[in-house]
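Asks: Got a file for you: start-v3.cif, mmCIF, C-alpha atoms.
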data_work
loop_
_atom_site.label_atom_id
_atom_site.label_comp_id
_atom_site.auth_asym_id
_atom_site.auth_seq_id
_atom_site.Cartn_x
_atom_site.Cartn_y
_atom_site.Cartn_z
CA MET A 1470 6.79 6.30 -14.41
CA ASP A 1471 3.95 3.83 -13.89
CA ILE A 1472 0.46 4.37 -15.35
CA LEU A 1473 -1.11 5.50 -12.08
CA GLU A 1474 1.61 8.07 -11.48
CA ASP A 1475 1.28 9.47 -15.01
CA GLU A 1476 -2.52 9.69 -14.74
CA GLN A 1477 -2.15 11.47 -11.42
CA LEU A 1478 0.20 14.02 -13.02
CA GLU A 1479 -2.36 14.71 -15.73
CA ARG A 1480 -5.09 15.23 -13.11
CA ASP A 1481 -2.82 17.55 -11.13
CA ASP A 1482 -2.11 19.58 -14.27
CA SER A 1483 -5.80 19.97 -15.10
CA VAL A 1484 -6.52 21.25 -11.61
CA GLY A 1485 -3.69 23.79 -11.65
CA VAL A 1486 -4.14 25.41 -15.08
CA THR A 1487 -6.85 27.84 -13.96
CA ASP A 1488 -4.78 28.96 -11.00
CA LEU A 1489 -1.77 29.48 -13.25
CA GLU A 1490 -3.80 31.62 -15.64
CA LEU A 1491 -4.81 33.82 -12.70
CA LEU A 1492 -1.12 34.63 -12.16
CA SER A 1493 -0.89 36.18 -15.63
CA THR A 1494 0.24 39.80 -15.79
CA SER A 1495 1.97 41.97 -18.36
CA SER A 1496 5.09 40.07 -17.31
CA GLY A 1497 4.45 37.43 -19.94
CA LEU A 1498 3.69 34.65 -17.46
CA SER A 1499 0.59 33.69 -19.45
CA SER A 1500 2.58 33.27 -22.66
CA VAL A 1501 5.17 31.14 -20.89
CA LEU A 1502 2.49 28.78 -19.62
CA THR A 1503 0.48 28.54 -22.83
CA ALA A 1504 3.03 28.84 -25.65
CA GLU A 1505 4.43 25.90 -27.55
CA ASP A 1506 7.37 24.21 -25.84
CA SER A 1507 10.11 25.99 -27.75
CA ARG A 1508 12.76 28.44 -26.60
CA SER A 1509 14.90 31.10 -28.23
CA THR A 1510 18.61 30.83 -27.66
CA THR A 1511 19.15 34.56 -28.10
CA SER A 1512 18.61 37.42 -25.69
CA SER A 1513 17.32 40.84 -26.53
CA GLY A 1514 17.20 44.35 -25.10
CA ASP A 1515 19.10 44.95 -21.91
CA ILE A 1516 18.57 41.42 -20.59
CA SER A 1517 21.86 39.72 -21.42
CA MET A 1518 22.59 36.07 -20.67
CA THR A 1519 25.71 35.24 -18.69
CA SER A 1520 25.26 31.48 -18.56
CA SER A 1521 22.62 28.84 -19.04
CA ASN A 1522 23.17 25.12 -18.92
CA SER A 1523 21.71 21.82 -17.86
CA GLY A 1524 22.90 18.33 -17.26
CA GLU A 1525 22.54 14.95 -15.72
CA ILE A 1526 24.75 13.61 -12.99
CA ARG A 1527 26.94 11.65 -15.38
CA ALA A 1528 27.56 14.71 -17.55
CA MET A 1529 30.41 17.18 -17.16
CA LEU A 1530 29.78 20.90 -17.69
CA VAL A 1531 32.26 23.74 -17.48
CA SER A 1532 31.45 27.43 -17.94
CA GLU A 1533 31.97 30.70 -16.11
CA THR A 1534 29.40 29.31 -13.74
CA VAL A 1535 31.21 26.64 -11.77
CA VAL A 1536 30.18 23.07 -12.62
CA VAL A 1537 32.60 20.50 -11.23
CA PRO A 1538 32.63 16.81 -12.42
CA ILE A 1539 33.61 14.57 -10.29
CA ILE A 1540 5.72 5.96 6.22
CA PRO A 1541 3.18 6.71 8.61
CA ASP A 1542 2.20 4.34 11.50
CA GLN A 1543 -0.75 2.09 10.80
CA ALA A 1544 -3.37 1.11 13.38
CA ALA A 1545 -5.57 -2.00 13.19
CA ALA A 1546 -8.69 -2.39 15.32
CA ALA A 1547 -9.60 -5.90 16.52
CA ALA A 1548 -12.82 -6.90 18.25
CA SER A 1549 -12.46 -8.84 21.50
CA ASN A 1550 -14.69 -11.72 22.62
CA ASP A 1551 -16.90 -9.46 24.75
CA GLY A 1552 -17.56 -7.10 21.85
CA THR A 1553 -15.21 -4.30 22.94
CA ALA A 1554 -12.64 -2.97 20.48
CA ALA A 1555 -8.94 -3.24 21.12
CA ALA A 1556 -6.45 -1.19 19.05
CA THR A 1557 -3.23 -2.88 17.96
CA LEU A 1558 -0.38 -0.78 16.57
CA THR A 1559 1.72 -2.30 13.84
CA ALA A 1560 5.21 -1.12 13.06
CA PRO A 1561 5.47 0.97 9.86
CA ALA A 1562 6.90 -0.87 6.90
CA ARG A 1563 10.42 0.23 6.08
CA PRO A 1564 11.09 1.39 2.52
CA VAL A 1565 13.00 -1.25 0.60
CA LYS A 1566 15.09 1.36 -1.23
CA CYS A 1567 16.38 4.87 -0.65
CA VAL A 1568 14.04 7.47 -2.14
CA GLY A 1569 16.69 8.65 -4.58
CA ARG A 1570 17.87 5.08 -5.23
CA LYS A 1571 21.57 5.44 -6.09
CA ASN A 1572 21.10 9.21 -6.62
CA ASN A 1573 22.24 8.92 -10.24
CA GLY A 1574 18.99 9.86 -11.96
CA VAL A 1575 18.99 13.51 -10.91
CA SER A 1576 19.11 16.16 -13.62
CA TRP A 1577 19.33 19.92 -13.34
CA GLY A 1578 19.20 23.19 -15.24
CA PHE A 1579 20.37 26.67 -14.37
CA THR A 1580 20.45 30.24 -15.63
CA SER A 1581 22.46 33.23 -14.47
CA VAL A 1582 21.68 36.58 -16.13
CA ILE A 1583 22.80 40.13 -15.52
CA GLY A 1584 19.26 41.47 -15.94
CA ARG A 1585 18.94 45.23 -15.62
CA ARG A 1586 22.02 45.68 -13.45
CA LYS A 1587 25.18 47.27 -14.82
CA GLU A 1588 27.39 44.51 -13.42
CA MET A 1589 27.04 40.77 -12.92
CA GLU A 1590 27.65 39.91 -9.26
CA ASP A 1591 25.91 36.50 -9.02
CA ALA A 1592 27.62 33.13 -9.28
CA VAL A 1593 26.33 29.56 -9.40
CA ALA A 1594 27.95 26.22 -8.52
CA VAL A 1595 26.73 22.76 -9.53
CA VAL A 1596 28.97 19.98 -8.23
CA PRO A 1597 27.60 16.48 -8.90
CA GLY A 1598 29.22 13.92 -6.65
CA PHE A 1599 31.06 16.46 -4.50
CA ILE A 1600 31.42 13.55 -2.06
CA SER A 1601 30.63 9.86 -2.53
CA ARG A 1602 29.50 7.75 0.40
CA THR A 1603 26.85 5.19 1.32
CA CYS A 1604 23.48 6.63 2.29
CA ASP A 1605 23.89 5.13 5.77
CA HIS A 1606 27.21 6.98 6.05
CA VAL A 1607 25.79 10.33 4.89
CA GLY A 1608 22.98 10.05 7.46
CA GLY A 1609 19.21 10.20 7.56
CA CYS A 1610 18.71 7.09 5.44
CA THR A 1611 15.05 6.05 5.28
CA ALA A 1612 15.86 2.48 4.22
CA PRO A 1613 18.64 1.37 6.58
CA GLY A 1614 19.86 -2.12 5.86
CA SER A 1615 18.62 -2.06 2.27
CA THR A 1616 20.85 -2.74 -0.73
CA THR A 1617 20.85 0.87 -1.86
CA SER A 1618 21.69 2.20 1.61
CA SER A 1619 24.95 0.27 1.72
CA GLU A 1620 26.14 1.08 -1.81
CA ILE A 1621 28.44 4.03 -2.42
CA SER A 1622 26.54 6.74 -4.27
CA PRO A 1623 27.18 10.38 -5.16
CA VAL A 1624 26.05 13.28 -2.99
CA HIS A 1625 25.37 16.40 -5.04
CA PHE A 1626 26.01 20.06 -4.25
CA PHE A 1627 24.11 23.08 -5.59
CA GLY A 1628 24.86 26.68 -4.63
CA VAL A 1629 23.69 30.18 -5.56
CA TYR A 1630 25.79 33.16 -4.48
CA ASP A 1631 24.49 36.72 -4.77
CA GLY A 1632 27.36 39.19 -4.47
CA HIS A 1633 27.18 42.83 -3.44
CA GLY A 1634 29.81 45.55 -3.71
CA GLY A 1635 31.50 43.46 -6.39
CA SER A 1636 31.57 39.92 -7.79
CA GLN A 1637 34.79 38.70 -6.15
CA VAL A 1638 33.30 37.02 -3.08
CA ALA A 1639 30.47 35.32 -5.00
CA LYS A 1640 32.96 33.91 -7.54
CA PHE A 1641 35.27 32.75 -4.76
CA CYS A 1642 32.39 30.95 -3.02
CA ALA A 1643 31.35 29.24 -6.26
CA GLU A 1644 34.89 27.94 -6.74
CA ARG A 1645 35.81 27.12 -3.16
CA LEU A 1646 32.91 26.67 -0.72
CA HIS A 1647 31.97 23.11 -1.74
CA GLU A 1648 35.60 22.08 -1.27
CA VAL A 1649 35.91 23.32 2.29
CA ILE A 1650 32.50 21.88 3.24
CA ALA A 1651 33.55 18.46 1.88
CA GLU A 1652 36.83 18.69 3.79
CA GLU A 1653 35.09 19.62 7.04
CA TRP A 1654 32.47 16.87 6.67
CA SER A 1655 35.20 14.27 6.07
CA ARG A 1656 36.84 15.01 9.42
CA ASP A 1657 36.22 12.25 11.98
CA THR A 1658 35.60 14.53 14.96
CA ILE A 1659 31.87 13.67 15.11
CA GLY A 1660 30.46 10.15 14.82
CA TYR A 1661 28.08 9.22 12.02
CA ASN A 1662 25.36 8.43 14.55
CA GLU A 1663 25.17 12.20 15.07
CA TRP A 1664 24.81 12.87 11.37
CA GLN A 1665 22.81 16.09 11.66
CA ARG A 1666 25.35 17.67 14.00
CA LYS A 1667 28.11 16.50 11.64
CA TRP A 1668 26.53 18.37 8.73
CA GLU A 1669 25.78 21.44 10.85
CA THR A 1670 29.42 21.59 11.91
CA ALA A 1671 30.63 21.06 8.32
CA PHE A 1672 28.54 23.97 7.03
CA SER A 1673 29.27 26.34 9.91
CA THR A 1674 33.00 25.66 9.96
CA GLY A 1675 33.16 25.61 6.16
CA LEU A 1676 31.61 29.07 5.83
CA GLU A 1677 33.88 30.40 8.57
CA ARG A 1678 36.93 28.98 6.79
CA ALA A 1679 35.88 30.45 3.46
CA ASP A 1680 35.26 33.82 5.11
CA ASN A 1681 38.73 33.76 6.68
CA GLU A 1682 40.34 32.81 3.37
CA LEU A 1683 38.89 35.97 1.82
CA LEU A 1684 41.11 37.91 4.18
CA THR A 1685 44.24 35.75 4.14
CA GLU A 1686 44.24 35.43 0.35
CA ASN A 1687 43.26 39.06 -0.21
CA VAL A 1688 40.35 38.03 -2.42
CA ALA A 1689 38.28 41.20 -2.14
CA PRO A 1690 38.02 44.54 -0.34
CA GLU A 1691 36.27 44.42 3.05
CA MET A 1692 33.18 46.13 1.61
CA VAL A 1693 32.46 43.20 -0.77
CA GLY A 1694 30.30 40.26 0.30
CA SER A 1695 27.91 37.56 -0.89
CA THR A 1696 24.95 35.48 0.15
CA ALA A 1697 25.26 31.70 0.05
CA VAL A 1698 22.29 29.37 -0.33
CA VAL A 1699 23.37 25.75 -0.71
CA ALA A 1700 21.58 22.42 -1.06
CA VAL A 1701 23.23 19.03 -0.58
CA LEU A 1702 21.27 16.15 -2.09
CA SER A 1703 21.76 12.56 -0.94
CA GLY A 1704 19.63 9.52 -1.69
CA CYS A 1705 17.33 10.25 1.26
CA GLN A 1706 18.01 13.82 2.43
CA ILE A 1707 17.93 17.41 1.19
CA ILE A 1708 20.19 19.47 3.44
CA THR A 1709 20.05 23.23 2.98
CA SER A 1710 22.34 25.92 4.35
CA ASN A 1711 21.47 29.60 4.03
CA CYS A 1712 23.47 32.74 4.73
CA GLY A 1713 21.72 35.88 3.47
CA ASP A 1714 18.55 36.48 1.48
CA SER A 1715 18.84 34.05 -1.42
CA ARG A 1716 16.30 31.27 -1.10
CA ALA A 1717 15.54 27.57 -1.66
CA VAL A 1718 12.14 25.89 -2.02
CA LEU A 1719 11.00 22.31 -2.55
CA CYS A 1720 8.08 21.39 -4.81
CA ARG A 1721 6.45 18.33 -3.25
CA GLY A 1722 3.20 17.16 -4.80
CA THR A 1723 0.98 20.24 -4.82
CA GLN A 1724 2.94 21.99 -2.06
CA THR A 1725 5.74 24.53 -2.28
CA ILE A 1726 7.81 24.14 0.87
CA PRO A 1727 10.30 26.86 1.90
CA LEU A 1728 13.62 25.32 2.90
CA THR A 1729 15.19 28.62 3.98
CA VAL A 1730 14.11 31.81 5.73
CA ASP A 1731 15.50 35.11 4.46
CA GLN A 1732 17.93 36.66 6.91
CA LYS A 1733 16.75 40.25 6.87
CA PRO A 1734 17.74 43.00 9.34
CA ASP A 1735 14.12 43.51 10.41
CA ARG A 1736 13.48 39.82 11.12
CA GLU A 1737 12.70 39.85 14.83
CA ASP A 1738 15.51 37.56 16.00
CA GLU A 1739 18.05 39.17 13.67
CA LEU A 1740 17.07 42.68 14.76
CA LEU A 1741 17.52 41.72 18.42
CA ARG A 1742 20.94 40.20 17.68
CA ILE A 1743 22.14 43.27 15.78
CA GLU A 1744 20.94 45.71 18.43
CA ARG A 1745 22.40 43.58 21.22
CA GLU A 1746 25.79 44.00 19.54
CA GLY A 1747 25.34 47.78 19.41
CA GLY A 1748 24.24 47.93 15.77
CA LYS A 1749 21.34 49.80 14.20
CA VAL A 1750 18.81 48.90 11.55
CA ILE A 1751 17.74 51.93 9.51
CA ASN A 1752 14.87 52.02 7.04
CA TRP A 1753 16.55 53.37 3.92
CA ASN A 1754 14.81 51.96 0.87
CA GLY A 1755 13.95 48.99 3.10
CA ALA A 1756 15.47 47.79 6.37
CA ARG A 1757 19.28 47.93 6.23
CA VAL A 1758 22.10 47.45 8.71
CA PHE A 1759 23.27 51.02 9.40
CA GLY A 1760 21.26 51.99 6.32
CA VAL A 1761 23.69 50.06 4.07
CA LEU A 1762 23.15 46.30 3.74
CA ALA A 1763 19.68 44.79 3.19
CA MET A 1764 20.56 41.44 4.74
CA SER A 1765 21.78 40.47 8.20
CA ARG A 1766 24.19 37.63 7.32
CA ALA A 1767 26.71 37.22 4.54
CA ILE A 1768 30.18 35.98 3.68
CA GLY A 1769 32.61 38.88 3.55
CA ASP A 1770 31.46 42.41 4.53
CA ARG A 1771 34.07 42.60 7.29
CA TYR A 1772 33.52 46.34 7.68
CA LEU A 1773 30.12 45.52 9.21
CA ARG A 1774 31.28 43.00 11.83
CA PRO A 1775 29.97 41.92 14.29
CA TRP A 1776 26.52 42.79 12.93
CA ILE A 1777 26.88 40.98 9.60
CA ILE A 1778 28.02 37.41 10.29
CA PRO A 1779 28.89 34.39 8.08
CA VAL A 1780 26.82 31.98 10.17
CA PRO A 1781 24.40 29.76 8.20
CA GLU A 1782 21.00 28.41 9.17
CA ILE A 1783 20.69 24.72 8.30
CA LYS A 1784 17.60 22.61 7.62
CA PHE A 1785 17.13 18.88 7.01
CA MET A 1786 14.31 17.60 4.80
CA THR A 1787 13.76 13.88 4.21
CA ARG A 1788 13.11 13.16 0.54
CA ALA A 1789 9.75 11.73 -0.53
CA GLU A 1790 8.54 9.93 -3.65
CA GLU A 1791 6.22 12.85 -4.49
CA ASP A 1792 9.07 15.39 -4.62
CA GLU A 1793 9.08 17.16 -7.99
CA CYS A 1794 11.96 19.59 -7.91
CA LEU A 1795 14.27 21.73 -5.84
CA ILE A 1796 14.73 25.42 -6.71
CA LEU A 1797 17.51 27.71 -5.50
CA ALA A 1798 17.62 31.33 -6.63
CA SER A 1799 18.96 34.78 -5.87
CA ASP A 1800 16.55 37.55 -4.89
CA GLY A 1801 16.32 38.72 -8.48
CA LEU A 1802 13.64 36.03 -8.78
CA TRP A 1803 12.09 36.26 -5.30
CA ASP A 1804 11.70 40.04 -5.46
CA VAL A 1805 9.08 39.65 -8.19
CA MET A 1806 7.60 36.16 -7.60
CA THR A 1807 6.27 34.46 -4.48
CA ASN A 1808 7.25 30.95 -3.44
CA ASP A 1809 3.81 29.67 -4.44
CA GLU A 1810 3.94 31.31 -7.87
CA VAL A 1811 7.35 29.79 -8.56
CA GLY A 1812 6.14 26.38 -7.38
CA GLU A 1813 3.01 26.46 -9.54
CA VAL A 1814 4.95 27.40 -12.66
CA ALA A 1815 7.64 24.78 -11.99
CA ARG A 1816 5.19 21.92 -11.41
CA HIS A 1817 3.12 22.71 -14.48
CA LEU A 1818 6.07 23.13 -16.85
CA LEU A 1819 8.02 20.14 -15.51
CA ARG A 1820 5.13 17.75 -16.06
CA ARG A 1821 4.27 19.14 -19.47
CA ARG A 1822 7.89 19.01 -20.58
CA ARG A 1823 8.38 15.44 -19.32
CA ARG A 1824 5.37 14.25 -21.33
CA LEU A 1825 6.61 16.11 -24.41
CA MET A 1826 10.04 14.51 -24.20
CA MET A 1827 8.57 11.02 -23.75
CA SER A 1828 6.23 11.38 -26.70
CA SER A 1829 8.49 13.30 -29.08
CA SER A 1830 10.68 11.55 -31.63
CA SER A 1831 12.26 14.83 -32.76
CA SER A 1832 15.98 15.35 -32.41
CA SER A 1833 15.83 19.14 -32.65
CA SER A 1834 17.79 21.11 -30.04
CA ASP A 1835 14.61 22.68 -28.63
CA ASP A 1836 13.05 19.27 -28.02
CA GLN A 1837 16.18 18.08 -26.22
CA ILE A 1838 16.11 20.83 -23.57
CA SER A 1839 15.71 19.10 -20.21
CA PRO A 1840 12.59 19.78 -18.13
CA ALA A 1841 14.72 21.37 -15.39
CA GLN A 1842 16.45 23.70 -17.85
CA PHE A 1843 13.11 24.60 -19.42
CA VAL A 1844 11.77 25.64 -16.00
CA ALA A 1845 14.90 27.67 -15.18
CA ASP A 1846 14.65 29.48 -18.53
CA SER A 1847 10.94 30.15 -18.08
CA LEU A 1848 11.26 31.50 -14.54
CA THR A 1849 14.05 33.82 -15.71
CA GLU A 1850 11.86 35.05 -18.55
CA ILE A 1851 8.99 35.75 -16.16
CA ALA A 1852 11.21 37.59 -13.67
CA CYS A 1853 12.63 39.76 -16.45
CA GLY A 1854 9.13 40.42 -17.75
CA ARG A 1855 8.12 41.59 -14.28
CA ASN A 1856 10.95 44.10 -14.37
CA SER A 1857 13.23 42.51 -11.82
CA SER A 1858 15.94 45.07 -11.19
CA ASP A 1859 18.61 42.62 -10.00
CA ASN A 1860 20.82 39.86 -11.38
CA ILE A 1861 18.81 36.64 -11.63
CA SER A 1862 20.35 33.23 -10.92
CA ILE A 1863 18.26 30.07 -10.72
CA ILE A 1864 19.05 26.37 -10.27
CA VAL A 1865 16.27 23.82 -10.83
CA VAL A 1866 16.95 20.22 -9.76
CA ASP A 1867 14.54 17.64 -11.19
CA LEU A 1868 14.00 15.08 -8.43
CA LYS A 1869 12.00 12.62 -10.52
CA SER A 1870 14.34 9.92 -11.72
CA LYS A 1871 14.78 9.85 -15.49
CA ARG A 1872 14.54 6.06 -15.30
CA LYS A 1873 11.07 6.30 -13.77
CA ARG A 1874 9.89 8.73 -16.42
CA GLN A 1875 10.91 6.35 -19.20
CA LEU A 1876 9.15 3.24 -17.88
CA ARG A 1877 6.15 3.78 -20.14
CA GLN A 1878 8.15 4.39 -23.31
#
What's the structure tokens form of this structure?

Replies:
Amino acid sequence: MDILEDEQLERDDSVGVTDLELLSTSSGLSSVLTAEDSRSTTSSGDISMTSSNSGEIRAMLVSETVVVPIIPDQAAAAASNDGTAAATLTAPARPVKCVGRKNNGVSWGFTSVIGRRKEMEDAVAVVPGFISRTCDHVGGCTAPGSTTSSEISPVHFFGVYDGHGGSQVAKFCAERLHEVIAEEWSRDTIGYNEWQRKWETAFSTGLERADNELLTENVAPEMVGSTAVVAVLSGCQIITSNCGDSRAVLCRGTQTIPLTVDQKPDREDELLRIEREGGKVINWNGARVFGVLAMSRAIGDRYLRPWIIPVPEIKFMTRAEEDECLILASDGLWDVMTNDEVGEVARHLLRRRRRLMMSSSSSSSDDQISPAQFVADSLTEIACGRNSSDNISIIVVDLKSKRKRQLRQ
């Protein structure tokens, strides 16, 4: 990180502290934001930890949670001889490198806890390098022709799956979905010049394949299903796919940008689709399809076809230098925290933790917790403190290269 960038982070932190304090409730948010940077590795009460881990792209992690190794235009005004002004447009300068460089400096952290539920039905997948291609090949490269764009680099996969009716479908998705998506993307049926359509087809066909495999392999009863929110991270693109009501957001500078829209039965377009197919949405402790399911799309749930469908919505977001982190989570977090609250907490804690790690010479385990893992742990603590009644699964992807952060050391 250069000096100007670090000074800007400090100014951003000083501006946001007051706002963060205003978010404080009996949930313990205030203590999370103001306490010393240390964490307990134990859980207490009825909040039991299923898994919590972090890593960098070169690391290999294996647990019950699946972790698989593997510029704007510029205008110049010129005065003519007769005194009138003539505007001359100059072509924007192309970036000399992909935003994520070789995409090796990404680190992440995740938690997955049972919370106050009797059963754990969430699952998480982190698959660094689930495919490896050049940025030009993946598509959406912002620095075509540059050295980094033509070098093979890893493309990373992150997924959160929130099961209902049982854990079987969520676990199956965590183990299998990234594989079928990679297989579908690798097919040569669509040229690379149509890169967005290629990814849309890979996600749509991949989810359909996974959904069909549930039946052919007898994975779960027809009343079991799962959401699937997925993010694919290349050197220049963040590609999200959403099926259900889990959610992904991007922290960019001072903004928190939603990358998905919850697929709820009372969302206008979803309601029209369900009713057009002869279905009904009944308000029973919230809008539910036939008074049963509180989402309008999912993998599995064959007993509610054709109203519940495994069709994802896909969004493409070009990466930027000011991107801080990517957050994917099940509704155990979003039920008790808004996008903006999550973004504010994440930005503040990431920056504070990065500075602590750069300045600390301690080798204690607490001091070695990555910024992304620290944020995931803190958000889980806040959600539990706000009495979230659901399983809580969170992935935090730190988009600031570790190499950049160490430049001033």

Asks: List as a JSON list (two decimals) with C-alpha atoms, in the coordinates of the input the protein and nucleic acid residues near range 1649-1656 of chain A, meaning an atom at most 10 Å away when only C-alpha atoms are counted, but skip any in the same chain fewer than 3 places from it.

Replies:
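Done, and the output landed in around.json:
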[["chain", "number", "residue", "atom", "x", "y", "z"],
["A", 1599, "PHE", "CA", 31.06, 16.46, -4.50],
["A", 1600, "ILE", "CA", 31.42, 13.55, -2.06],
["A", 1607, "VAL", "CA", 25.79, 10.33, 4.89],
["A", 1626, "PHE", "CA", 26.01, 20.06, -4.25],
["A", 1642, "CYS", "CA", 32.39, 30.95, -3.02],
["A", 1645, "ARG", "CA", 35.81, 27.12, -3.16],
["A", 1646, "LEU", "CA", 32.91, 26.67, -0.72],
["A", 1659, "ILE", "CA", 31.87, 13.67, 15.11],
["A", 1660, "GLY", "CA", 30.46, 10.15, 14.82],
["A", 1664, "TRP", "CA", 24.81, 12.87, 11.37],
["A", 1667, "LYS", "CA", 28.11, 16.50, 11.64],
["A", 1668, "TRP", "CA", 26.53, 18.37, 8.73],
["A", 1669, "GLU", "CA", 25.78, 21.44, 10.85],
["A", 1670, "THR", "CA", 29.42, 21.59, 11.91],
["A", 1671, "ALA", "CA", 30.63, 21.06, 8.32],
["A", 1672, "PHE", "CA", 28.54, 23.97, 7.03],
["A", 1673, "SER", "CA", 29.27, 26.34, 9.91],
["A", 1674, "THR", "CA", 33.00, 25.66, 9.96],
["A", 1675, "GLY", "CA", 33.16, 25.61, 6.16],
["A", 1676, "LEU", "CA", 31.61, 29.07, 5.83],
["A", 1677, "GLU", "CA", 33.88, 30.40, 8.57],
["A", 1678, "ARG", "CA", 36.93, 28.98, 6.79],
["A", 1679, "ALA", "CA", 35.88, 30.45, 3.46]]

Asks: Translate the PyMOL selection byres ((chain A and resi 1571) around 9), as applied to the file shown, into an explicit residue set as a PyMOL selection string.

Replies: chain A and resi 1567-1570+1572-1574+1604+1617-1618+1620-1623+1703-1704

Asks: Mind telling me what the PyMOL selection byres ((chain A and resi 1694) around 7) catches here, as a PyMOL selection string?

Replies: chain A and resi 1632-1634+1638+1692-1693+1695+1767-1770

Asks: Nearest residue to Gly1713 in chain A out of A:Met1826, A:Leu1683, A:Ile1778, A:Leu1728, using all atoms listed in the file?

Replies: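 Once distances to Gly1713 in chain A are computed over all atoms listed in the file, the minimum belongs to A:Ile1778.
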
Asks: Which value, in Å to one decimal, gives the distance between CA of Leu1719 in chain A and CA of Ser1828 in chain A?

Replies: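 About the pair CA of Leu1719 in chain A and CA of Ser1828 in chain A: they are 26.9 Å apart.
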
Asks: Under the rule that all atoms listed in the file are counted, which of A:Gln1837, A:Asn1752, A:Gln1637, A:Thr1685 is the nearest residue to Asp1735 in chain A?

Replies: A:Asn1752

Asks: Once the PyMOL selection byres ((chain A and resi 1712) around 10) has been applied to the shown file, what residues remain in the selection, as a list in words?

Replies: Tyr1630, Leu1676, Ser1695, Thr1696, Ala1697, Val1698, Val1699, Ser1710, Asn1711, Gly1713, Asp1714, Ser1715, Arg1716, Thr1729, Val1730, Asp1731, Gln1732, Met1764, Ser1765, Arg1766, Ala1767, Ile1768, Ile1778, Pro1779, Val1780, Pro1781, Glu1782 and Ile1783 of chain A

Asks: Dump as a list in words all residues having an atom at most 10 Å from (11.0, 35.0, -14.4), computed in the file's coordinates with only C-alpha atoms.

Replies: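 Residues close enough to count: Ser1496, Gly1497, Leu1498, Val1501, Gly1801, Leu1802, Trp1803, Val1805, Met1806, Val1811, Val1814, Val1844, Ala1845, Asp1846, Ser1847, Leu1848, Thr1849, Glu1850, Ile1851, Ala1852, Cys1853, Gly1854, Arg1855, Asn1856, Ser1857, Ile1861 and Ile1863 of chain A.
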
Asks: Just give me the gap between CA of Phe1759 in chain A and CA of Pro1775 in chain A in Å, one decimal is fine.

Replies: 12.3 Å

Asks: May I ask for the distance between CA of Gly1578 in chain A and CA of His1817 in chain A, given in Å to one decimal place?

Replies: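 CA of His1817 in chain A lies at a distance of 16.1 Å from CA of Gly1578 in chain A.
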
Asks: Which residue, A:Arg1771, A:His1606, A:Arg1823, A:Arg1788, has the smallest gap to Leu1684 in chain A when you use all atoms listed in the file?

Replies: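 Nearest candidate to Leu1684 in chain A out of A:Arg1771, A:His1606, A:Arg1823, A:Arg1788: A:Arg1771.
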
Asks: Would you compute the box with edges along x, y and z of the file around range 1605-1616 of chain A, including every atom the file lists for it and 4 Å extra on each side, and give its centre and edge lengths in Å to one decimal, as AutoDock Vina command-line options?

Replies:
--center_x 21.1 --center_y 3.8 --center_z 3.4 --size_x 20.2 --size_y 21.1 --size_z 16.3

Asks: Using all atoms listed in the file, pick whichever of A:Val1758, A:Ser1619, A:Ala1798, A:Ile1751 has the shortest atom-to-atom distance to Val1582 in chain A.

Replies: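 Of A:Val1758, A:Ser1619, A:Ala1798, A:Ile1751, the one nearest Val1582 in chain A is A:Ala1798, counting all atoms listed in the file.
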
Asks: With all atoms listed in the file as the atoms that count, which of A:Met1786, A:Ile1777, A:Leu1819, A:Val1866 lies nearest to His1625 in chain A?

Replies: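 Distance minimum relative to His1625 in chain A lands on A:Val1866.
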
Asks: Show which residues sit within 12 Å of Cys1794 in chain A, as a ChimeraX atom specification. Count all atoms listed in the file, and ignore same-chain residues fewer than 6 positions away.

Replies: /A:1575-1578,1702,1707,1717-1726,1788,1811-1820,1840-1842,1844-1845,1864-1870

Asks: Between A:Pro1597, A:Gly1608, A:Gly1635, A:Gly1760, which one has atoms that come closest to Arg1666 in chain A, using only C-alpha atoms?

Replies: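 Ranking A:Pro1597, A:Gly1608, A:Gly1635, A:Gly1760 by distance to Arg1666 in chain A, first place goes to A:Gly1608.
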